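Shown next, in structure tokens, is the structure this report addresses.
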Amino acid sequence: MAAEQGSSSWTASSDPKEAARLLAESRQFKGESLWNDAWRRLRRNRPAFLSMLFLACFTLLSFLTPLLPLPSPVETNLDQAQAAPSLAQFGEHMFLAVGERWVEDEDIERAYWSLSWLDKRMVRGRIALFGRFQTGHWLGTDLLGRDILSRIVWGSRTSILVALAAAACSLVIGVLYGAFSGLMGGRIDNLMMRIVDILYSIPFIFVVIFLITLIGDRRAWFEERLGLDRENIFYLVIGAIYWLTMARVVRGQVLSLKISEFIEAARVMGASTLRILLAHIVPNVFSIVIVYLTLTIPAVMLFEAFLSYLGLGIEPPKVSWGLLASDGIAAINPIRIFWWLVVFPAIAMGSTLLALNILGDGLRDALDPKLRGQD
Amino acid sequence: MIRFLWRRLVWFAITLFVVMSVSFFLMRAVKGGPFDTERALEPAIEANIKARYHLDWPMWKQFAQYVGPLNLDRHRAEFLGGDGRDTFGGVLAGDFGPSFRYRDFTVNDIIAQSLPISALLGLVSMMWALALGISTGIASALRRGSGLDLALRLAATGGIALPNFVIASFLIVLFVFLVPLFPVAGWGSIRHMLLPGFCLGLVYAAYISRLTRTGMLEILSQDHIRTAHAKGLAPRTVVMRHALKGGLLPVVSYLGPATAGILTGSLVIERIFFIPGTGSHFINSATNRDYTLAMGVTILYTVLVYAMNTIVDLSYTLLDPRIDLEQS
Amino acid sequence: MRAMAASGFRSRLRGAAPFVLLASLFAAALGLASGARLEPADFTFNNGTEVTTLDPATVTGIPEGRVIRAIFEGLVVKDPKTLEPLPGAAESWEISADGLTYTFHIREGARWTNTDPLTAHDFVYSFERFLDPRTGAYYAYQLWYVEGARAYTRSVTPDGEPALSFDTVAIHAPDDHTLVLRLEAPTPFFLDLMGFYPLFPVNRRNIEEARESWPETWTLEWLRPENIVTNGPFQVAERRVNDRIRLVKSPSYWDADHVAFGSIDVLAIEQDSTMLNVYLTGGADFIDRVNTSVVPQLMPREDFNPVPYLGAYFFRVNTKKPPFDDKRVRRALALTIPRNDICTNVMRMGQVPAYSLVPPGIEGYASAEMPRGSADEARRLLVEAGYGPSGKAFPPVEIHYNTSEAHSSIAQVIALAWSQELGIQAKLRNEEWKVYLDTQNTLRFDVSRSAWIGDYADPNTYSDLFVTGGENNKTGWGDPEYDRLIDAATREFDKAARMELLRQAEAILVDELPILPVYFYVTQNVVAPRLGGFFGNALDEHFPKHWYWMDDNELAHRRATQPAEWQLVDAHGPADGLYSPAQEAEREARR
């Protein structure tokens with residue numbers, strides 16, 4: 001709300017008080033009903049609601065990963081390579097393998113290869129909670145004897161982060177571009193949309209490959225000057241590719257809202273442009289953006305997997321679901337099927353993507369103004 | 001109609017030019033050349049290889065030579081023993097040049113060999129996608145909110161919940177090794193096409209199913225359908241004759257981008273099933289720095305996207321005469 | 001509503017239009033694709049990728065070599081088992097006492113597929129073409145042992161044409177059946193070189209006629225299946241990019257009597273798992289590599305027998321960049337590479353831990369190995385170099401490699417070992433092939449994965465890499481004594497003395513360690529048990545000319561001689577075998 005007021009103060013040259021009042025009023029009246037209504041409908045949609053809870057738990061879990069008593073996802077143990085899943089060994093008190101002495105930060109660094117400051121604190125927290133306990137290889141191990149369960153959980157962090165960051169990036173570019181184009185209308189709109197059309201007709205896999213190589217080549221520069229490592233650049237590149245559809249969707253919505261009856265009515269009643277923008281257009285655009293976002297995230301996750309399959313994705317020691325899945329299918333062969341290398345990452349990825357899709361559908365049903373009031 | 005096509009053509013020319021220049025310069029901005037190998041090359045020989053493919057020219061001249069239609073290379077003719085009669089060349093003259101990676105073929109050869117295969121694979125997968133997508137979409141719309149609806153929607157979403165290389169691997173284990181129904185890889189007979197076609201079509205089936213469901217729901221709530229019901233027509237007739245037509249409109253508009261996507265997105269499927277189609281060239285030409293082939297497939301893609309979208313727009317008028325092309 | 005009312009036939013037609021269109025497209029494409037179906041070949045093998053070209057002069061790769069050995073034949077061929085030079089297009093040869101003059105007698109009755117006789121002039125033409133910088137032969141330097149050859153390739157006019165006449169090169173054909181080459185220095189492996197596929201001949205008429213008919217595109221027209229003229233046991237019948245090359249037996253080949261297979265398909269499958277699947281379902285009879293994840297399951301099988309292969313896997317170190325300019329640091333890094341773990345648990349095919357550059361298996365040569373040492377020794381070396389608890393902090397090491405699952409695994413294992421044994425933080429840097437090459441060439445790495453496969457069985461193919469300023473050095477390292485030894489070795493005619501010089505050079509190399517050796521290669525072929533005439537060898541070179549299918553009898557015989565613990569697998573191929581006419585006659589006689 002603070003931001004609301006801030007923004008109204010810089011534009012309200014005509015009558016700041018009036019504008020603020022109107023805004024607050026409209027927010028209450030219109031906004032409340034839109035979001036309340038949507039929330040009510042979403043709660044009634046059982047699968048979508050459950051998906052949302054599932055995703056919320058999952059995201060929380062992946063954020064708190066370092067607190068869990070799992071073996072290090074990068075530590076190789078070549079004697080136990082490709083061990084089948086088993087609960088026979090529930091766990092052991094061997095975490096960090098430093099004997100009885102006090103755990104130094106260096107030990108953590110060594111076991112995890114590289115960790116952020118926050119994650120290191122969390123590992124400390126984990127030691128306080130669980131001591132040296134770590135789980136056995138419940139879901140088996142991979143080719144280099146690394147624990148699959150741990151890799152899946154740690155991989156969820158990367159995958160979710162990639163998806164969110166890339167989606168956010170596409171959101172910012174797409175919404176700005178689309179809204180600007182739609183609001184300007186006329187020639188500018190036409191030109192901007194033609195540019196989108198042109199960009200659409202470049203095979204974007206191709207562009208991504210070149211961008212990733214181009215940037216990968218100058219990564220030292222990026223790291224030193226901008227503090228961006230490969231992962232960050234990776235999100236930005238994917239995001240920079242995925243904004244096209246977002247821009248189109250937003251622009252379409254803005255256009256249709258601009259000529260819609262209730263905006264027309266508001267205009268006739270003398271509402272200011274700002275008020276129309278904030279009270280009518282933003283919430284309506286926002287709803288469609290959220291819907292589209294829930295559909296972009298799975299697409300980005302699949303794309304990450306595809307890039308991992310091509311060897312262009314996340315780099316070790318980082319691990320992502322895409323990397324796990326593509327490593328896993330390399331191990332599938334008819335002589336002996338190491339099913340756990342594929343099945344578990346596939347379940348993790350599949351359930352998340354399924355939940356996202358169901359949530360996206362649910363949100364669309366809930367937020368679609370055309371469907372509102374029906375049922 | 002004519003005006004519509006004319007405007008499309010103008011934009012097509014602009015798009016093509018932009019796409020060509022972007023890919024041309026982007027590609028050359030990336031490190032590594034087409035003839036780099038692990039072993040260092042004798043400078044005299046390297047210079048000659050570069051000269052043969054014009055890589056020693058300034059960038060703008062390379063681009064002009066590539067686009068055509070004038071052949072700027074007087075020297076090459078003599079250099080390689082030709083007589084320089086050919087004054088036309090480049091893309092505008094229909095010549096995409098020799099491939100740098102597959103040195104015994106021109107890009108035209110490669111596209112001519114692989115495109116029919118990709119087209120066939122694309123058609124098979126499109127048929128799978130339409131059959132699965134439309135049927136589940138309709139069933140789902142007619143039984144909205146029921147258990148069947150939920151189950152079908154879940155199944156349809158399954159196609160976009162896993163990377164297609166994972167799905168393909170599962171299906172190979174299942175239908176090649178456990179239940180030997182299909183050949184494991186290769187190209188030739190219709191049996192070779194079914195499994196890869198299915199894997200490729202799955203993603204599109206998921207989208208088509210959603211689009212069909214949404215489209216159908218919208219149509220079913222409209223007045224003329226209610227009227228038809230009120231007239232006492234059998235529900236089947238109502239659905240098949242009246243609702244389906246309008247309900248499938250979104251699907252038709254999706255077919256354009258989908259077709260282009262199927263051609264380029266078949267890379268993974270082509271690799272796993274060893275199919276010599278066009279899809280793999282999109283990645284391989286980029287990693288090999290096969291400049292000409294990469295340009296060739298990029299141009300092909302642009303043309304396809306444009307052609308498909310135009311066909312879709314035209315077919316809109318066939319399906320729905322109310323739409324006016326002049327306004328689009 | 002108006003539109004609805006006007007429905008009926010016309011609108012139904014409209015509705016059906018897209019489907020009719022789809023169906024007709026489908027039919028058309030089906031027609032196009034099925035017109036190209038081929039009968040199954042007698043034998044099918046996977047080549048790992050599509051070949052770059054069939055022009056022997058310009059190829060470099062191993063896959064190209066496999067095809068070129070089937071369709072062309074050089075002056076000498078190699079024994080499939082021992083790789084000793086055997087008469088090929090040359091029936092016999094003499095080497096002068098000083099080891100400088102080679103006289104080859106071209107086989108009477110050797111023919112091209114266009115029925116032209118094969119003459120010494122064909123070789124003169126082919127060698128001229130090979131050395132001509134305009135041809136773009138990557139391997140041109142392999143013929144520089146011939147007097148004048150180096151200068152011929154290197155002196156070019158500003159237009160890129162050779163500045164010298166080919167008469168300055170000591171390659172002559174006094175008559176149709178005699179070819180004389182004079183070398184600059186005695187080169188003990190020169191005969192092996194003559195069996196190296198880039199030096200195989202091409203047909204002059206073939207190229208010149210193509211030039212005539214297609215002045216612009218002749219460089220690729222002469223290689224088309226319908227145009228190419230070859231002199232080997234097989235000829236090209238059909239090519240489909242990224243699919244297969246169909247080879248058929250050449251009726252004009254002088255030794256066609258000893259060729260068993262009527263047709264061979266060469267597949268271009270790139271995906272490891274796909275090629276194994278195709279092999280296991282009988283779609284291919286020989287595949288050239290396997291994914292490491294299946295090795296434990298393949299090892300006991302009779303169709304998978306890795307043998308040592310002349311290839312070395314090592315890391316190049318950037319010796320120009322501190323702290324890697326310090327020999328002690330390089331030694332510490334080399335000592336702590338977990339070679340045994342990498343060989344037995346990552347690669348798993350019986351790769352040999354490497355402590356030197358030159359792989360074992362070269363006759364008369366024993367590598368100089370780097371001194372071994374414990375991790376304690378390595379830590380001590382680092383402390384000596386000024387790093388460690390009391391000294392400077394060691395900067396993070398970046399391990400550079402090109403995109404591949406195996407390289408990535410090895411890099412991770414090494415990174416962890418360095419971090420655990422030496423407390424050095426290691427980062428991984430994965431680059432796509434072409435960028436990786438550029439990074440290596442411009443020396444912008446710390447340590448970089450590398451490998452070298454020997455072209456012929458001589459230590460020289462390795463030692464030559466690290467001479468000061470050599471094009472393939474890529475470490476920034478150089479040592480005058482090393483260069484002197486390598487140079488002396490090229491002039492030394494006595495075999496034992498030459499090997500000793502090369503060994504001394506290698507001793508310098510493994511003392512200085514501009515490279516960190518990791519392991520030596522083994523072959524990864526999976527071969528149908530019924531295939532006869534196929535032998536594992538140190539260069540992993542195989543000769544389709546000698547291949548045949550054994551009948552059940554012979555297969556049973558062979559199986560009786562192999563170790564009993566080998567697991568028998570389904571044998572592809574015809575139960576009553578497929579033999580060459582000569583073999584058939586012999587079998588008939590025995591009966």
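Ligands are numbered from 1 in the order shown, chains are lettered A, B, ... in the order of the structure tokens, and residues start at 1 in each chain.
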
Report the closest atom pair, with its distance in Å rounded to one decimal, for each residue of chain A that has an atom no farther than 8 Å from chain B; count only C-alpha atoms, sort by chain and then rising residue number, and write it as a tab-separated table.
residue	atom	partner	partner_atom	distance
A:Ile198	CA	B:Thr15	CA	5.3
A:Leu199	CA	B:Val19	CA	7.8
A:Ser201	CA	B:Thr302	CA	5.0
A:Ile202	CA	B:Val19	CA	6.1
A:Pro203	CA	B:Thr298	CA	6.4
A:Ile205	CA	B:Ile283	CA	7.5
A:Phe206	CA	B:Phe282	CA	6.4
A:Val207	CA	B:Ser23	CA	7.8
A:Ile209	CA	B:Ala286	CA	7.3
A:Phe210	CA	B:Val30	CA	6.7
A:Thr213	CA	B:Val30	CA	6.8
A:Leu214	CA	B:Val30	CA	5.4
A:Asp217	CA	B:Lys31	CA	7.6
A:Pro298	CA	B:Ala161	CA	7.5
A:Leu302	CA	B:Pro163	CA	5.7
A:Ala305	CA	B:Pro163	CA	6.6
A:Phe306	CA	B:Pro163	CA	7.0
A:Ala325	CA	B:Val166	CA	7.0
A:Ser326	CA	B:Val166	CA	7.7
A:Ile329	CA	B:Val166	CA	6.6
A:Ile332	CA	B:Ser169	CA	7.5
A:Pro334	CA	B:Phe177	CA	6.7
A:Val342	CA	B:Val166	CA	7.7
A:Ala346	CA	B:Leu162	CA	6.9
A:Met349	CA	B:Leu162	CA	6.8
A:Gly350	CA	B:Ala161	CA	4.8
A:Ser351	CA	B:Ala161	CA	7.4
A:Thr352	CA	B:Ala161	CA	7.9
A:Leu353	CA	B:Ala161	CA	4.9
A:Leu354	CA	B:Ala161	CA	5.5
A:Asn357	CA	B:Thr157	CA	7.1

Contact residues (chain A, partner chain C, 8 Å, only C-alpha atoms) as a count of residues only: 25

Excluding same-chain residues fewer than 2 positions from Asp446 in chain C, what lies within 6 Å of it counting only C-alpha atoms, as a PDB file with N, CA, C and O atoms, in the first residue's frame?
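The resulting file, selection-v2.pdb, is shown below:
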ATOM      1  N   VAL C 317      48.633 -28.420 -18.929  1.00  0.00           N
ATOM      2  CA  VAL C 317      48.731 -27.392 -17.908  1.00  0.00           C
ATOM      3  C   VAL C 317      49.246 -26.124 -18.572  1.00  0.00           C
ATOM      4  O   VAL C 317      50.140 -26.187 -19.419  1.00  0.00           O
ATOM      5  N   ASN C 318      48.664 -25.018 -18.201  1.00  0.00           N
ATOM      6  CA  ASN C 318      49.125 -23.743 -18.744  1.00  0.00           C
ATOM      7  C   ASN C 318      50.378 -23.305 -17.980  1.00  0.00           C
ATOM      8  O   ASN C 318      50.284 -22.709 -16.913  1.00  0.00           O
ATOM      9  N   GLU C 398      40.926 -24.062 -12.263  1.00  0.00           N
ATOM     10  CA  GLU C 398      39.796 -24.291 -13.160  1.00  0.00           C
ATOM     11  C   GLU C 398      40.107 -25.487 -14.049  1.00  0.00           C
ATOM     12  O   GLU C 398      41.110 -25.467 -14.768  1.00  0.00           O
TER      13      GLU C 398
END

Which of range 257-304 of chain C fall in strand (DSSP E), as an MDAnalysis selection string: chainID C and resid 263:267 286:287

Going by DSSP on the backbone, which residues of range 358-576 of chain C come out as helix (DSSP H, G or I)? List them as a ChimeraX atom specification. /C:375-384,405-422,433-441,460-466,480-491,495-512,544-546,552-561

Contact residues around Ala451 in chain C with only C-alpha atoms at 7 Å, ignoring same-chain residues under 5 positions, as a VMD selection string: chain C and resid 312 to 314

Give me, as a ChimeraX atom specification, the residues of chain B touching chain C, with the criterion being at most 6 Å (counting only C-alpha atoms). /B:31-32,40,44-45,48-49,82,101-104,116,120,188,272,276,318

Could you take the residues named above and write them with all heavy atoms, as a tab-separated table (two decimals), in the first residue's frame?
chain	number	residue	atom	x	y	z
B	31	LYS	N	33.02	-17.84	-30.88
B	31	LYS	CA	34.36	-18.40	-31.04
B	31	LYS	C	34.34	-19.72	-31.81
B	31	LYS	O	33.40	-20.49	-31.73
B	31	LYS	CB	34.95	-18.67	-29.66
B	31	LYS	CG	35.46	-17.45	-28.97
B	31	LYS	CD	36.93	-17.24	-29.26
B	31	LYS	CE	37.34	-15.80	-29.07
B	31	LYS	NZ	37.21	-15.36	-27.69
B	32	GLY	N	35.43	-19.97	-32.49
B	32	GLY	CA	35.58	-21.28	-33.15
B	32	GLY	C	35.08	-21.23	-34.56
B	32	GLY	O	34.02	-20.68	-34.85
B	40	ALA	N	46.50	-28.79	-35.14
B	40	ALA	CA	46.73	-27.49	-35.75
B	40	ALA	C	46.93	-27.67	-37.25
B	40	ALA	O	47.42	-28.69	-37.71
B	40	ALA	CB	47.96	-26.85	-35.14
B	44	ALA	N	49.50	-22.22	-44.57
B	44	ALA	CA	49.23	-22.08	-46.00
B	44	ALA	C	47.96	-22.82	-46.37
B	44	ALA	O	47.14	-22.35	-47.18
B	44	ALA	CB	50.42	-22.61	-46.81
B	45	ILE	N	47.79	-23.99	-45.76
B	45	ILE	CA	46.61	-24.79	-46.09
B	45	ILE	C	45.36	-24.14	-45.50
B	45	ILE	O	44.32	-24.04	-46.15
B	45	ILE	CB	46.80	-26.22	-45.56
B	45	ILE	CG1	47.95	-26.88	-46.32
B	45	ILE	CG2	45.53	-27.02	-45.67
B	45	ILE	CD1	48.41	-28.17	-45.74
B	48	ASN	N	44.16	-21.35	-47.55
B	48	ASN	CA	43.48	-21.80	-48.76
B	48	ASN	C	42.07	-22.31	-48.49
B	48	ASN	O	41.16	-22.08	-49.28
B	48	ASN	CB	44.31	-22.88	-49.45
B	48	ASN	CG	45.28	-22.26	-50.42
B	48	ASN	OD1	44.89	-21.44	-51.23
B	48	ASN	ND2	46.53	-22.63	-50.31
B	49	ILE	N	41.93	-23.03	-47.38
B	49	ILE	CA	40.58	-23.51	-47.05
B	49	ILE	C	39.66	-22.31	-46.82
B	49	ILE	O	38.54	-22.26	-47.31
B	49	ILE	CB	40.61	-24.42	-45.81
B	49	ILE	CG1	41.36	-25.71	-46.15
B	49	ILE	CG2	39.21	-24.73	-45.33
B	49	ILE	CD1	41.49	-26.65	-44.99
B	82	GLY	N	37.34	-23.39	-62.21
B	82	GLY	CA	36.13	-23.12	-62.98
B	82	GLY	C	36.40	-22.02	-63.99
B	82	GLY	O	37.50	-21.49	-64.07
B	101	ARG	N	30.38	-28.90	-42.84
B	101	ARG	CA	30.62	-30.09	-42.06
B	101	ARG	C	30.48	-31.35	-42.93
B	101	ARG	O	31.30	-32.24	-42.90
B	101	ARG	CB	29.64	-30.14	-40.89
B	101	ARG	CG	29.44	-31.48	-40.22
B	101	ARG	CD	30.69	-31.96	-39.50
B	101	ARG	NE	30.42	-33.21	-38.76
B	101	ARG	CZ	30.41	-34.40	-39.31
B	101	ARG	NH1	30.63	-34.54	-40.59
B	101	ARG	NH2	30.16	-35.47	-38.58
B	102	TYR	N	29.41	-31.38	-43.71
B	102	TYR	CA	29.19	-32.52	-44.61
B	102	TYR	C	29.71	-32.09	-45.96
B	102	TYR	O	28.96	-31.65	-46.82
B	102	TYR	CB	27.72	-32.89	-44.65
B	102	TYR	CG	27.13	-33.07	-43.26
B	102	TYR	CD1	26.28	-32.13	-42.70
B	102	TYR	CD2	27.47	-34.17	-42.49
B	102	TYR	CE1	25.79	-32.28	-41.43
B	102	TYR	CE2	26.98	-34.33	-41.21
B	102	TYR	CZ	26.14	-33.38	-40.68
B	102	TYR	OH	25.65	-33.53	-39.42
B	103	ARG	N	31.02	-32.18	-46.15
B	103	ARG	CA	31.65	-31.47	-47.26
B	103	ARG	C	31.33	-32.06	-48.62
B	103	ARG	O	31.64	-31.48	-49.64
B	103	ARG	CB	33.16	-31.40	-47.04
B	103	ARG	CG	33.51	-30.18	-46.24
B	103	ARG	CD	34.96	-30.16	-45.85
B	103	ARG	NE	35.06	-30.12	-44.40
B	103	ARG	CZ	36.14	-30.46	-43.74
B	103	ARG	NH1	37.20	-30.88	-44.37
B	103	ARG	NH2	36.15	-30.38	-42.43
B	104	ASP	N	30.73	-33.26	-48.66
B	104	ASP	CA	30.38	-33.84	-49.95
B	104	ASP	C	28.97	-33.44	-50.39
B	104	ASP	O	28.47	-33.94	-51.38
B	104	ASP	CB	30.47	-35.37	-49.90
B	104	ASP	CG	31.86	-35.82	-49.51
B	104	ASP	OD1	32.76	-34.96	-49.45
B	104	ASP	OD2	32.06	-37.02	-49.28
B	116	PRO	N	11.78	-34.24	-46.41
B	116	PRO	CA	10.64	-35.16	-46.53
B	116	PRO	C	10.52	-36.10	-45.33
B	116	PRO	O	9.42	-36.40	-44.87
B	116	PRO	CB	10.98	-35.98	-47.79
B	116	PRO	CG	11.96	-35.17	-48.54
B	116	PRO	CD	12.70	-34.35	-47.54
B	120	LEU	N	7.32	-36.18	-42.92
B	120	LEU	CA	6.56	-37.40	-42.68
B	120	LEU	C	6.44	-37.67	-41.18
B	120	LEU	O	5.36	-37.97	-40.67
B	120	LEU	CB	7.27	-38.56	-43.39
B	120	LEU	CG	6.50	-39.85	-43.49
B	120	LEU	CD1	5.15	-39.62	-44.11
B	120	LEU	CD2	7.29	-40.83	-44.35
B	188	GLY	N	12.27	-46.01	-42.39
B	188	GLY	CA	11.98	-46.80	-43.57
B	188	GLY	C	10.51	-47.14	-43.67
B	188	GLY	O	9.81	-46.61	-44.50
B	272	ILE	N	17.47	-39.98	-30.63
B	272	ILE	CA	17.21	-41.23	-29.92
B	272	ILE	C	16.78	-42.33	-30.88
B	272	ILE	O	17.19	-43.48	-30.74
B	272	ILE	CB	16.15	-41.00	-28.82
B	272	ILE	CG1	16.75	-40.12	-27.74
B	272	ILE	CG2	15.66	-42.32	-28.24
B	272	ILE	CD1	15.83	-39.81	-26.61
B	276	PRO	N	17.12	-39.61	-39.86
B	276	PRO	CA	17.93	-38.58	-40.55
B	276	PRO	C	17.10	-37.38	-41.00
B	276	PRO	O	17.08	-37.04	-42.17
B	276	PRO	CB	18.50	-39.34	-41.74
B	276	PRO	CG	17.52	-40.44	-42.01
B	276	PRO	CD	16.89	-40.79	-40.71
B	318	LEU	N	-12.11	-20.22	-44.16
B	318	LEU	CA	-12.86	-21.39	-44.59
B	318	LEU	C	-13.75	-21.89	-43.45
B	318	LEU	O	-14.89	-22.26	-43.66
B	318	LEU	CB	-11.90	-22.51	-45.01
B	318	LEU	CG	-11.19	-22.32	-46.35
B	318	LEU	CD1	-10.19	-23.43	-46.57
B	318	LEU	CD2	-12.21	-22.29	-47.47

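By only C-alpha atoms, and with residues fewer than 2 positions from Val67 in chain B along its chain excluded, the set lying at most 8 Å from it is Phe63, Ala64, Gln65, Pro69, Gly90, Val91 and Leu92 of chain B.
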
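The two atoms in question, CA of Thr310 in chain B and CA of Ser253 in chain B, are spaced 10.1 Å apart.
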
Using only C-alpha atoms, which protein or nucleic acid residues come within 8 Å of range 82-98 of chain A? Drop anything in the same chain fewer than 5 positions from it, and give the result as a ChimeraX atom specification. /A:71,103,107-108,111,131-145,338,340

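Near Asp361 in chain A, within 9 Å and counting only C-alpha atoms, sit Ala48, Val291, Thr294, Leu295, Leu356 and Ala366 of chain A, not including residues fewer than 5 positions from it in the same chain.
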